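Chemist: One file is attached below, protein_25.txt, containing compact mmCIF, N, CA and C atoms and all ligand atoms.
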```
# COMPACT_ATOMS: atom_id res chain seq x y z
N MET A 1 45.84 -18.48 78.69
CA MET A 1 46.86 -19.44 78.22
C MET A 1 46.44 -20.87 78.57
N THR A 2 46.63 -21.78 77.63
CA THR A 2 46.27 -23.17 77.92
C THR A 2 47.33 -23.80 78.83
N ASP A 3 46.90 -24.78 79.59
CA ASP A 3 47.81 -25.47 80.50
C ASP A 3 48.91 -26.19 79.72
N THR A 4 50.13 -26.06 80.20
CA THR A 4 51.22 -26.87 79.63
C THR A 4 51.47 -28.03 80.59
N ILE A 5 52.33 -28.92 80.15
CA ILE A 5 52.70 -30.05 81.00
C ILE A 5 53.33 -29.55 82.33
N PHE A 6 54.00 -28.40 82.26
CA PHE A 6 54.65 -27.88 83.47
C PHE A 6 53.61 -27.31 84.46
N SER A 7 52.53 -26.70 83.94
CA SER A 7 51.47 -26.24 84.87
C SER A 7 50.88 -27.45 85.57
N LYS A 8 50.78 -28.55 84.83
CA LYS A 8 50.21 -29.76 85.44
C LYS A 8 51.13 -30.32 86.52
N ILE A 9 52.44 -30.17 86.31
CA ILE A 9 53.39 -30.61 87.36
C ILE A 9 53.23 -29.72 88.59
N ILE A 10 53.09 -28.41 88.39
CA ILE A 10 52.90 -27.49 89.53
C ILE A 10 51.65 -27.89 90.32
N LYS A 11 50.59 -28.24 89.59
CA LYS A 11 49.32 -28.59 90.26
C LYS A 11 49.30 -30.04 90.74
N ARG A 12 50.42 -30.73 90.56
CA ARG A 12 50.55 -32.15 90.95
C ARG A 12 49.54 -33.04 90.22
N GLU A 13 49.18 -32.64 89.01
CA GLU A 13 48.29 -33.48 88.21
C GLU A 13 49.07 -34.56 87.48
N ILE A 14 50.37 -34.29 87.23
CA ILE A 14 51.23 -35.35 86.71
C ILE A 14 52.48 -35.39 87.57
N PRO A 15 53.10 -36.57 87.69
CA PRO A 15 54.24 -36.70 88.60
C PRO A 15 55.53 -36.11 88.03
N ALA A 16 56.42 -35.75 88.94
CA ALA A 16 57.75 -35.28 88.54
C ALA A 16 58.67 -35.56 89.71
N ASP A 17 59.96 -35.67 89.40
CA ASP A 17 60.97 -35.89 90.45
C ASP A 17 61.42 -34.51 90.93
N ILE A 18 60.68 -33.98 91.91
CA ILE A 18 60.91 -32.61 92.38
C ILE A 18 62.12 -32.56 93.32
N VAL A 19 63.02 -31.61 93.04
CA VAL A 19 64.23 -31.50 93.88
C VAL A 19 64.25 -30.22 94.70
N TYR A 20 63.38 -29.27 94.36
CA TYR A 20 63.37 -27.99 95.09
C TYR A 20 62.04 -27.29 94.85
N GLU A 21 61.55 -26.64 95.89
CA GLU A 21 60.33 -25.85 95.73
C GLU A 21 60.36 -24.71 96.73
N ASP A 22 59.89 -23.55 96.31
CA ASP A 22 59.63 -22.47 97.26
C ASP A 22 58.38 -21.75 96.78
N ASP A 23 58.11 -20.58 97.36
CA ASP A 23 56.84 -19.92 97.02
C ASP A 23 56.77 -19.45 95.56
N GLN A 24 57.92 -19.29 94.92
CA GLN A 24 57.91 -18.72 93.55
C GLN A 24 58.28 -19.70 92.45
N CYS A 25 58.95 -20.78 92.80
CA CYS A 25 59.41 -21.68 91.74
C CYS A 25 59.45 -23.14 92.18
N LEU A 26 59.59 -23.98 91.17
CA LEU A 26 59.63 -25.43 91.38
C LEU A 26 60.76 -25.96 90.49
N ALA A 27 61.50 -26.95 90.97
CA ALA A 27 62.56 -27.55 90.14
C ALA A 27 62.42 -29.07 90.19
N PHE A 28 62.59 -29.68 89.04
CA PHE A 28 62.44 -31.13 88.94
C PHE A 28 63.38 -31.66 87.86
N ARG A 29 63.65 -32.98 87.94
CA ARG A 29 64.58 -33.59 86.98
C ARG A 29 63.93 -33.72 85.61
N ASP A 30 64.75 -33.40 84.58
CA ASP A 30 64.25 -33.53 83.21
C ASP A 30 64.02 -35.01 82.91
N VAL A 31 62.90 -35.30 82.26
CA VAL A 31 62.51 -36.67 81.97
C VAL A 31 63.41 -37.29 80.88
N ASN A 32 64.09 -36.45 80.13
CA ASN A 32 64.97 -36.93 79.06
C ASN A 32 66.34 -36.26 79.22
N PRO A 33 67.09 -36.68 80.27
CA PRO A 33 68.29 -35.93 80.67
C PRO A 33 69.38 -35.93 79.59
N GLN A 34 69.97 -34.75 79.41
CA GLN A 34 71.06 -34.58 78.43
C GLN A 34 72.42 -34.53 79.13
N ALA A 35 72.45 -34.76 80.43
CA ALA A 35 73.68 -34.74 81.21
C ALA A 35 73.37 -35.48 82.51
N PRO A 36 74.41 -35.93 83.24
CA PRO A 36 74.15 -36.62 84.51
C PRO A 36 73.26 -35.80 85.46
N VAL A 37 73.45 -34.50 85.49
CA VAL A 37 72.51 -33.63 86.22
C VAL A 37 71.77 -32.81 85.17
N HIS A 38 70.46 -32.93 85.12
CA HIS A 38 69.65 -32.12 84.20
C HIS A 38 68.33 -31.82 84.91
N ILE A 39 68.24 -30.59 85.38
CA ILE A 39 67.10 -30.15 86.19
C ILE A 39 66.46 -28.95 85.51
N LEU A 40 65.16 -28.85 85.62
CA LEU A 40 64.44 -27.70 85.07
C LEU A 40 63.88 -26.89 86.23
N ILE A 41 64.08 -25.57 86.19
CA ILE A 41 63.49 -24.68 87.19
C ILE A 41 62.42 -23.87 86.49
N ILE A 42 61.23 -23.86 87.08
CA ILE A 42 60.13 -23.12 86.45
C ILE A 42 59.50 -22.16 87.46
N PRO A 43 59.07 -21.00 86.99
CA PRO A 43 58.31 -20.13 87.89
C PRO A 43 56.91 -20.72 88.09
N LYS A 44 56.30 -20.44 89.22
CA LYS A 44 54.93 -20.95 89.44
C LYS A 44 53.92 -20.17 88.62
N VAL A 45 54.24 -18.93 88.26
CA VAL A 45 53.36 -18.22 87.32
C VAL A 45 53.77 -18.63 85.91
N ALA A 46 52.75 -18.76 85.05
CA ALA A 46 53.02 -19.28 83.71
C ALA A 46 53.38 -18.14 82.76
N ILE A 47 54.69 -17.98 82.52
CA ILE A 47 55.18 -17.05 81.50
C ILE A 47 55.62 -17.95 80.34
N PRO A 48 55.04 -17.81 79.14
CA PRO A 48 55.36 -18.78 78.08
C PRO A 48 56.84 -18.82 77.68
N ARG A 49 57.41 -17.61 77.44
CA ARG A 49 58.81 -17.54 77.00
C ARG A 49 59.48 -16.41 77.76
N LEU A 50 60.81 -16.44 77.84
CA LEU A 50 61.52 -15.32 78.47
C LEU A 50 61.10 -14.01 77.81
N ALA A 51 60.90 -14.04 76.49
CA ALA A 51 60.53 -12.82 75.76
C ALA A 51 59.16 -12.29 76.19
N ASP A 52 58.39 -13.08 76.88
CA ASP A 52 57.08 -12.62 77.36
C ASP A 52 57.17 -12.04 78.78
N ALA A 53 58.33 -12.13 79.40
CA ALA A 53 58.48 -11.59 80.76
C ALA A 53 58.40 -10.06 80.71
N GLU A 54 57.89 -9.49 81.79
CA GLU A 54 57.70 -8.04 81.86
C GLU A 54 58.51 -7.47 83.02
N GLU A 55 58.51 -6.14 83.09
CA GLU A 55 59.23 -5.47 84.19
C GLU A 55 58.82 -6.03 85.55
N SER A 56 57.53 -6.33 85.68
CA SER A 56 57.02 -6.82 86.97
C SER A 56 57.60 -8.19 87.34
N HIS A 57 58.24 -8.84 86.39
CA HIS A 57 58.83 -10.17 86.66
C HIS A 57 60.32 -10.06 87.03
N GLN A 58 60.83 -8.86 87.15
CA GLN A 58 62.27 -8.71 87.37
C GLN A 58 62.77 -9.50 88.59
N ASN A 59 62.08 -9.34 89.72
CA ASN A 59 62.54 -10.05 90.92
C ASN A 59 62.42 -11.55 90.75
N LEU A 60 61.35 -11.99 90.11
CA LEU A 60 61.15 -13.41 89.87
C LEU A 60 62.28 -13.99 89.01
N LEU A 61 62.68 -13.27 87.97
CA LEU A 61 63.75 -13.77 87.10
C LEU A 61 65.06 -13.89 87.87
N GLY A 62 65.35 -12.91 88.73
CA GLY A 62 66.54 -13.01 89.58
C GLY A 62 66.43 -14.17 90.54
N HIS A 63 65.23 -14.37 91.05
CA HIS A 63 64.98 -15.47 91.99
C HIS A 63 65.28 -16.82 91.33
N LEU A 64 64.90 -16.97 90.07
CA LEU A 64 65.15 -18.23 89.36
C LEU A 64 66.66 -18.51 89.26
N LEU A 65 67.44 -17.47 89.00
CA LEU A 65 68.89 -17.67 88.88
C LEU A 65 69.51 -18.01 90.23
N LEU A 66 69.06 -17.35 91.29
CA LEU A 66 69.60 -17.67 92.61
C LEU A 66 69.20 -19.09 93.02
N ALA A 67 67.96 -19.47 92.68
CA ALA A 67 67.52 -20.84 92.97
C ALA A 67 68.38 -21.84 92.19
N ALA A 68 68.69 -21.51 90.94
CA ALA A 68 69.52 -22.40 90.11
C ALA A 68 70.87 -22.62 90.78
N SER A 69 71.45 -21.56 91.28
CA SER A 69 72.75 -21.67 91.93
C SER A 69 72.67 -22.54 93.19
N LYS A 70 71.62 -22.35 93.97
CA LYS A 70 71.41 -23.15 95.19
C LYS A 70 71.24 -24.63 94.83
N ILE A 71 70.45 -24.88 93.81
CA ILE A 71 70.16 -26.27 93.42
C ILE A 71 71.44 -26.92 92.90
N ALA A 72 72.22 -26.17 92.13
CA ALA A 72 73.49 -26.72 91.61
C ALA A 72 74.38 -27.12 92.78
N GLU A 73 74.40 -26.32 93.82
CA GLU A 73 75.20 -26.64 94.99
C GLU A 73 74.66 -27.89 95.69
N GLN A 74 73.34 -27.90 95.85
CA GLN A 74 72.65 -29.04 96.47
C GLN A 74 72.92 -30.34 95.71
N GLU A 75 73.06 -30.25 94.39
CA GLU A 75 73.29 -31.42 93.54
C GLU A 75 74.76 -31.79 93.43
N GLY A 76 75.63 -31.02 94.11
CA GLY A 76 77.06 -31.32 94.10
C GLY A 76 77.75 -30.97 92.79
N CYS A 77 77.23 -29.96 92.10
CA CYS A 77 77.83 -29.59 90.80
C CYS A 77 79.10 -28.76 90.96
N GLY A 78 79.43 -28.34 92.17
CA GLY A 78 80.60 -27.49 92.39
C GLY A 78 80.47 -26.22 91.57
N ASP A 79 81.59 -25.84 90.92
CA ASP A 79 81.51 -24.59 90.14
C ASP A 79 81.33 -24.88 88.65
N ALA A 80 80.89 -26.09 88.30
CA ALA A 80 80.81 -26.47 86.89
C ALA A 80 79.38 -26.86 86.52
N PHE A 81 78.62 -25.87 86.13
CA PHE A 81 77.28 -26.16 85.63
C PHE A 81 76.93 -25.13 84.57
N ARG A 82 75.99 -25.50 83.72
CA ARG A 82 75.55 -24.59 82.66
C ARG A 82 74.05 -24.38 82.77
N LEU A 83 73.63 -23.12 82.59
CA LEU A 83 72.20 -22.79 82.55
C LEU A 83 71.82 -22.47 81.11
N VAL A 84 70.66 -22.97 80.70
CA VAL A 84 70.18 -22.74 79.33
C VAL A 84 68.71 -22.33 79.40
N ILE A 85 68.36 -21.31 78.63
CA ILE A 85 66.94 -20.97 78.42
C ILE A 85 66.72 -20.96 76.91
N ASN A 86 65.91 -21.85 76.42
CA ASN A 86 65.54 -21.83 75.01
C ASN A 86 64.33 -20.91 74.86
N ASN A 87 64.47 -19.91 74.02
CA ASN A 87 63.36 -18.97 73.79
C ASN A 87 62.89 -19.10 72.35
N GLY A 88 61.79 -19.83 72.16
CA GLY A 88 61.23 -19.96 70.81
C GLY A 88 61.52 -21.31 70.19
N GLU A 89 60.57 -21.69 69.35
CA GLU A 89 60.61 -23.01 68.68
C GLU A 89 61.89 -23.20 67.85
N LYS A 90 62.33 -22.10 67.20
CA LYS A 90 63.48 -22.21 66.28
C LYS A 90 64.76 -22.60 67.00
N VAL A 91 64.86 -22.30 68.31
CA VAL A 91 66.06 -22.69 69.05
C VAL A 91 65.79 -23.87 69.97
N GLY A 92 64.66 -24.54 69.76
CA GLY A 92 64.45 -25.79 70.48
C GLY A 92 63.48 -25.74 71.64
N GLN A 93 62.80 -24.60 71.86
CA GLN A 93 61.83 -24.60 72.96
C GLN A 93 60.64 -25.47 72.58
N THR A 94 60.33 -26.41 73.45
CA THR A 94 59.22 -27.34 73.16
C THR A 94 58.09 -27.19 74.17
N VAL A 95 58.40 -26.66 75.35
CA VAL A 95 57.35 -26.45 76.37
C VAL A 95 57.26 -24.95 76.62
N PHE A 96 56.06 -24.40 76.39
CA PHE A 96 55.91 -22.95 76.45
C PHE A 96 55.44 -22.49 77.83
N HIS A 97 56.30 -22.81 78.79
CA HIS A 97 56.23 -22.31 80.16
C HIS A 97 57.71 -22.08 80.49
N LEU A 98 58.08 -20.82 80.70
CA LEU A 98 59.49 -20.48 80.92
C LEU A 98 60.19 -21.48 81.83
N HIS A 99 61.37 -21.92 81.42
CA HIS A 99 62.15 -22.82 82.28
C HIS A 99 63.64 -22.60 82.05
N VAL A 100 64.39 -22.79 83.12
CA VAL A 100 65.85 -22.72 83.07
C VAL A 100 66.36 -24.14 83.20
N HIS A 101 67.16 -24.59 82.24
CA HIS A 101 67.80 -25.90 82.35
C HIS A 101 69.07 -25.73 83.18
N ILE A 102 69.29 -26.61 84.15
CA ILE A 102 70.60 -26.72 84.83
C ILE A 102 71.21 -28.01 84.32
N LEU A 103 72.38 -27.90 83.72
CA LEU A 103 73.08 -29.08 83.16
C LEU A 103 74.45 -29.18 83.80
N ALA A 104 74.83 -30.39 84.21
CA ALA A 104 76.14 -30.56 84.85
C ALA A 104 76.52 -32.04 84.83
N GLY A 105 77.79 -32.28 85.18
CA GLY A 105 78.24 -33.67 85.34
C GLY A 105 78.96 -34.23 84.13
N ARG A 106 79.17 -33.41 83.12
CA ARG A 106 79.99 -33.80 81.97
C ARG A 106 80.55 -32.52 81.35
N GLY A 107 81.44 -32.67 80.37
CA GLY A 107 81.97 -31.49 79.69
C GLY A 107 80.96 -30.96 78.69
N PHE A 108 81.03 -29.66 78.42
CA PHE A 108 80.15 -29.04 77.43
C PHE A 108 80.99 -28.22 76.47
N GLY A 109 80.68 -28.33 75.17
CA GLY A 109 81.42 -27.56 74.18
C GLY A 109 80.97 -26.10 74.14
N TRP A 110 81.83 -25.28 73.57
CA TRP A 110 81.46 -23.88 73.30
C TRP A 110 82.06 -23.49 71.97
N PRO A 111 81.35 -22.90 71.03
CA PRO A 111 79.97 -22.48 71.16
C PRO A 111 79.02 -23.67 71.21
N PRO A 112 77.83 -23.46 71.78
CA PRO A 112 76.86 -24.55 71.87
C PRO A 112 76.35 -24.90 70.48
N GLY A 113 75.85 -26.10 70.32
CA GLY A 113 75.37 -26.56 69.01
C GLY A 113 74.06 -25.94 68.62
P1 LIG A 201 62.81 -27.03 76.00
O1 LIG A 201 63.15 -27.88 74.80
O2 LIG A 201 63.85 -26.00 76.33
O3 LIG A 201 61.41 -26.45 75.89
O4 LIG A 201 62.83 -28.00 77.22
C1 LIG A 201 61.72 -28.79 77.61
C2 LIG A 201 62.27 -29.90 78.45
O5 LIG A 201 61.21 -30.46 79.18
C3 LIG A 201 62.92 -31.04 77.64
O6 LIG A 201 64.28 -31.18 78.04
C4 LIG A 201 62.07 -32.25 78.02
O7 LIG A 201 62.83 -33.43 78.14
C5 LIG A 201 61.47 -31.82 79.35
N1 LIG A 201 60.21 -32.44 79.73
C6 LIG A 201 59.11 -32.57 78.96
N2 LIG A 201 58.12 -33.15 79.66
C7 LIG A 201 58.62 -33.39 80.92
C8 LIG A 201 58.10 -33.98 82.09
N3 LIG A 201 56.84 -34.44 82.17
N4 LIG A 201 58.90 -34.07 83.18
C9 LIG A 201 60.16 -33.59 83.14
N5 LIG A 201 60.71 -33.03 82.05
C10 LIG A 201 59.96 -32.92 80.94
```
Would it be possible to restate this file's structure as structure tokens?

Modeler:
Amino acid sequence: MTDTIFSKIIKREIPADIVYEDDQCLAFRDVNPQAPVHILIIPKVAIPRLADAEESHQNLLGHLLLAASKIAEQEGCGDAFRLVINNGEKVGQTVFHLHVHILAGRGFGWPPG
């Protein structure tokens, strides 16, 4: 797989506003925020899309959600935050390294646009 911009952030080849890191994942502020809080959590292993995840990634996927919850608390989001995973170009995925968006700090409509 070719390097994405997110692999370069993991390797510290390009800068990012990192808010959380552990052995399995990294979280940083989105460069084009869609809400007052907009953070991306990425696994350190490069899985292009959620649809490419395998059984062996089960613990990692759970880890990303628990990290999201911790980060939301750390960011003062209380109980009001939304997680988004875009899977595929047709629904807006632009970076092909799995990432979970944490969005908070304003109201969000449902159904999503
Ligand atoms: P998606 O459209 O779901 O693939 O989300 C990709 C997200 O990555 C977008 O919200 C972009 O604003 C964000 N993004 C792209 N490049 C960077 C970067 N260098 N640092 C932080 N966020 C980025």

Chemist: Could you list the protein, DNA and RNA residues that have any atom within 5 Å of ligand LIG 201 (chain A), counting all atoms listed in the file, and write them as a list in words?

Modeler: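 Listing the residues within 5 Å of ligand LIG 201 (chain A) gives Arg29, Asp30, Val31, Asn32, Asn86, Gly92, Gln93, Thr94 and Val95 of chain A.
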
Chemist: Convert the current residue selection to file output with N, CA and C atoms, as an mmCIF file, in the coordinates of the input.

Modeler:
```cif
data_model
loop_
_atom_site.group_PDB
_atom_site.id
_atom_site.type_symbol
_atom_site.label_atom_id
_atom_site.label_comp_id
_atom_site.auth_asym_id
_atom_site.auth_seq_id
_atom_site.Cartn_x
_atom_site.Cartn_y
_atom_site.Cartn_z
ATOM 1 N N ARG A 29 63.650 -32.980 87.940
ATOM 2 C CA ARG A 29 64.580 -33.590 86.980
ATOM 3 C C ARG A 29 63.930 -33.720 85.610
ATOM 4 N N ASP A 30 64.750 -33.400 84.580
ATOM 5 C CA ASP A 30 64.250 -33.530 83.210
ATOM 6 C C ASP A 30 64.020 -35.010 82.910
ATOM 7 N N VAL A 31 62.900 -35.300 82.260
ATOM 8 C CA VAL A 31 62.510 -36.670 81.970
ATOM 9 C C VAL A 31 63.410 -37.290 80.880
ATOM 10 N N ASN A 32 64.090 -36.450 80.130
ATOM 11 C CA ASN A 32 64.970 -36.930 79.060
ATOM 12 C C ASN A 32 66.340 -36.260 79.220
ATOM 13 N N ASN A 86 65.910 -21.850 76.420
ATOM 14 C CA ASN A 86 65.540 -21.830 75.010
ATOM 15 C C ASN A 86 64.330 -20.910 74.860
ATOM 16 N N GLY A 92 64.660 -24.540 69.760
ATOM 17 C CA GLY A 92 64.450 -25.790 70.480
ATOM 18 C C GLY A 92 63.480 -25.740 71.640
ATOM 19 N N GLN A 93 62.800 -24.600 71.860
ATOM 20 C CA GLN A 93 61.830 -24.600 72.960
ATOM 21 C C GLN A 93 60.640 -25.470 72.580
ATOM 22 N N THR A 94 60.330 -26.410 73.450
ATOM 23 C CA THR A 94 59.220 -27.340 73.160
ATOM 24 C C THR A 94 58.090 -27.190 74.170
ATOM 25 N N VAL A 95 58.400 -26.660 75.350
ATOM 26 C CA VAL A 95 57.350 -26.450 76.370
ATOM 27 C C VAL A 95 57.260 -24.950 76.620
#
```

Chemist: Among chain A, which ones does DSSP assign to helix (DSSP H, G or I) (computed from the backbone)? Answer as JSON, numbers by chain.

Modeler: {"A": [5, 6, 7, 8, 9, 10, 50, 51, 52, 55, 56, 57, 58, 59, 60, 61, 62, 63, 64, 65, 66, 67, 68, 69, 70, 71, 72, 73, 74, 89, 90, 91]}

Chemist: Skip Ala51 (chain A) itself and residues of its chain fewer than 5 positions away, then list as number ranges by chain all residues within 8 Å of it, counting all atoms listed in the file.

Modeler: A: 86-88, 98

Chemist: Residues at most 8 Å from Ala72 (chain A), counting all atoms listed in the file, excluding those fewer than 6 positions away in the same chain, as a list in words?

Modeler: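 Within the cut-off, the hits are Leu66, Gly78, Asp79, Ala80, Phe81 and Ile102 of chain A.
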
Chemist: Kindly save the residues from that selection, with N, CA and C atoms included, as a CSV table (one decimal), keeping the file's coordinate frame.

Modeler:
```csv
chain,number,residue,atom,x,y,z
A,66,LEU,N,69.1,-17.4,91.3
A,66,LEU,CA,69.6,-17.7,92.6
A,66,LEU,C,69.2,-19.1,93.0
A,78,GLY,N,79.4,-28.3,92.2
A,78,GLY,CA,80.6,-27.5,92.4
A,78,GLY,C,80.5,-26.2,91.6
A,79,ASP,N,81.6,-25.8,90.9
A,79,ASP,CA,81.5,-24.6,90.1
A,79,ASP,C,81.3,-24.9,88.6
A,80,ALA,N,80.9,-26.1,88.3
A,80,ALA,CA,80.8,-26.5,86.9
A,80,ALA,C,79.4,-26.9,86.5
A,81,PHE,N,78.6,-25.9,86.1
A,81,PHE,CA,77.3,-26.2,85.6
A,81,PHE,C,76.9,-25.1,84.6
A,102,ILE,N,69.3,-26.6,84.2
A,102,ILE,CA,70.6,-26.7,84.8
A,102,ILE,C,71.2,-28.0,84.3
```

Chemist: Measure the distance from CA of Pro36 (chain A) to CA of Val91 (chain A) in Å and round it to one decimal.

Modeler: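 Distance between the two atoms: 22.3 Å.
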
Chemist: Val37 (chain A): which residues within 6.5 Å, counting all atoms listed in the file, same-chain residues fewer than 6 positions away excluded, as a PDB file with N, CA and C atoms, in the coordinates of the input?

Modeler:
```pdb
ATOM      1  N   ILE A 102      69.290 -26.610  84.150  1.00  0.00           N
ATOM      2  CA  ILE A 102      70.600 -26.720  84.830  1.00  0.00           C
ATOM      3  C   ILE A 102      71.210 -28.010  84.320  1.00  0.00           C
ATOM      4  N   LEU A 103      72.380 -27.900  83.720  1.00  0.00           N
ATOM      5  CA  LEU A 103      73.080 -29.080  83.160  1.00  0.00           C
ATOM      6  C   LEU A 103      74.450 -29.180  83.800  1.00  0.00           C
ATOM      7  N   ALA A 104      74.830 -30.390  84.210  1.00  0.00           N
ATOM      8  CA  ALA A 104      76.140 -30.560  84.850  1.00  0.00           C
ATOM      9  C   ALA A 104      76.520 -32.040  84.830  1.00  0.00           C
ATOM     10  N   GLY A 105      77.790 -32.280  85.180  1.00  0.00           N
ATOM     11  CA  GLY A 105      78.240 -33.670  85.340  1.00  0.00           C
ATOM     12  C   GLY A 105      78.960 -34.230  84.130  1.00  0.00           C
ATOM     13  N   ARG A 106      79.170 -33.410  83.120  1.00  0.00           N
ATOM     14  CA  ARG A 106      79.990 -33.800  81.970  1.00  0.00           C
ATOM     15  C   ARG A 106      80.550 -32.520  81.350  1.00  0.00           C
TER      16      ARG A 106
END
```

Chemist: Which one is closest to Gln24 (chain A): A:Lys8, A:Ile47, A:Leu64, A:Thr2? Count all atoms listed in the file.

Modeler: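 Between A:Lys8, A:Ile47, A:Leu64, A:Thr2, the residue approaching Gln24 (chain A) most closely is A:Leu64.
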
Chemist: Give me the box for region 24-28 of chain A as JSON, namely the centre and edge lengths in Å to one decimal of a box along x, y and z that holds every listed atom plus 6 Å on each side.

Modeler:
```
{"center_x": 60.6, "center_y": -25.2, "center_z": 91.4, "size_x": 17.5, "size_y": 24.9, "size_z": 19.1}
```

Chemist: Just checking: using only C-alpha atoms, which residue out of A:Ile14, A:Leu83, A:Ile9, A:Ala35 ends up closest to Ile71 (chain A)?

Modeler: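 Looking at the shortest contact to Ile71 (chain A), the residue is A:Leu83.
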
Chemist: For the atom pair CA of Gly107 (chain A) and CA of Pro33 (chain A), what is the interatomic distance in Å to one decimal place?

Modeler: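 Taking CA of Gly107 (chain A) as the start and CA of Pro33 (chain A) as the end point, the length is 14.4 Å.
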
Chemist: Supply region 51-65 of chain A as a CSV table (one decimal), in the frame of the given file, with N, CA, C and O atoms built in where the input has gaps.

Modeler:
```
chain,number,residue,atom,x,y,z
A,51,ALA,N,60.9,-14.0,76.5
A,51,ALA,CA,60.5,-12.8,75.8
A,51,ALA,C,59.2,-12.3,76.2
A,51,ALA,O,58.8,-11.1,75.9
A,52,ASP,N,58.4,-13.1,76.9
A,52,ASP,CA,57.1,-12.6,77.4
A,52,ASP,C,57.2,-12.0,78.8
A,52,ASP,O,56.2,-11.5,79.3
A,53,ALA,N,58.3,-12.1,79.4
A,53,ALA,CA,58.5,-11.6,80.8
A,53,ALA,C,58.4,-10.1,80.7
A,53,ALA,O,58.8,-9.4,79.7
A,54,GLU,N,57.9,-9.5,81.8
A,54,GLU,CA,57.7,-8.0,81.9
A,54,GLU,C,58.5,-7.5,83.0
A,54,GLU,O,59.1,-8.2,83.8
A,55,GLU,N,58.5,-6.1,83.1
A,55,GLU,CA,59.2,-5.5,84.2
A,55,GLU,C,58.8,-6.0,85.6
A,55,GLU,O,59.6,-6.2,86.4
A,56,SER,N,57.5,-6.3,85.7
A,56,SER,CA,57.0,-6.8,87.0
A,56,SER,C,57.6,-8.2,87.3
A,56,SER,O,57.5,-8.6,88.5
A,57,HIS,N,58.2,-8.8,86.4
A,57,HIS,CA,58.8,-10.2,86.7
A,57,HIS,C,60.3,-10.1,87.0
A,57,HIS,O,61.0,-11.1,87.2
A,58,GLN,N,60.8,-8.9,87.2
A,58,GLN,CA,62.3,-8.7,87.4
A,58,GLN,C,62.8,-9.5,88.6
A,58,GLN,O,63.8,-10.2,88.5
A,59,ASN,N,62.1,-9.3,89.7
A,59,ASN,CA,62.5,-10.0,90.9
A,59,ASN,C,62.4,-11.6,90.8
A,59,ASN,O,63.3,-12.3,91.2
A,60,LEU,N,61.4,-12.0,90.1
A,60,LEU,CA,61.2,-13.4,89.9
A,60,LEU,C,62.3,-14.0,89.0
A,60,LEU,O,62.8,-15.1,89.3
A,61,LEU,N,62.7,-13.3,88.0
A,61,LEU,CA,63.8,-13.8,87.1
A,61,LEU,C,65.1,-13.9,87.9
A,61,LEU,O,65.8,-14.9,87.7
A,62,GLY,N,65.4,-12.9,88.7
A,62,GLY,CA,66.5,-13.0,89.6
A,62,GLY,C,66.4,-14.2,90.5
A,62,GLY,O,67.4,-14.9,90.8
A,63,HIS,N,65.2,-14.4,91.0
A,63,HIS,CA,65.0,-15.5,92.0
A,63,HIS,C,65.3,-16.8,91.3
A,63,HIS,O,65.9,-17.7,91.9
A,64,LEU,N,64.9,-17.0,90.1
A,64,LEU,CA,65.2,-18.2,89.4
A,64,LEU,C,66.7,-18.5,89.3
A,64,LEU,O,67.1,-19.7,89.4
A,65,LEU,N,67.4,-17.5,89.0
A,65,LEU,CA,68.9,-17.7,88.9
A,65,LEU,C,69.5,-18.0,90.2
A,65,LEU,O,70.4,-18.9,90.3
```
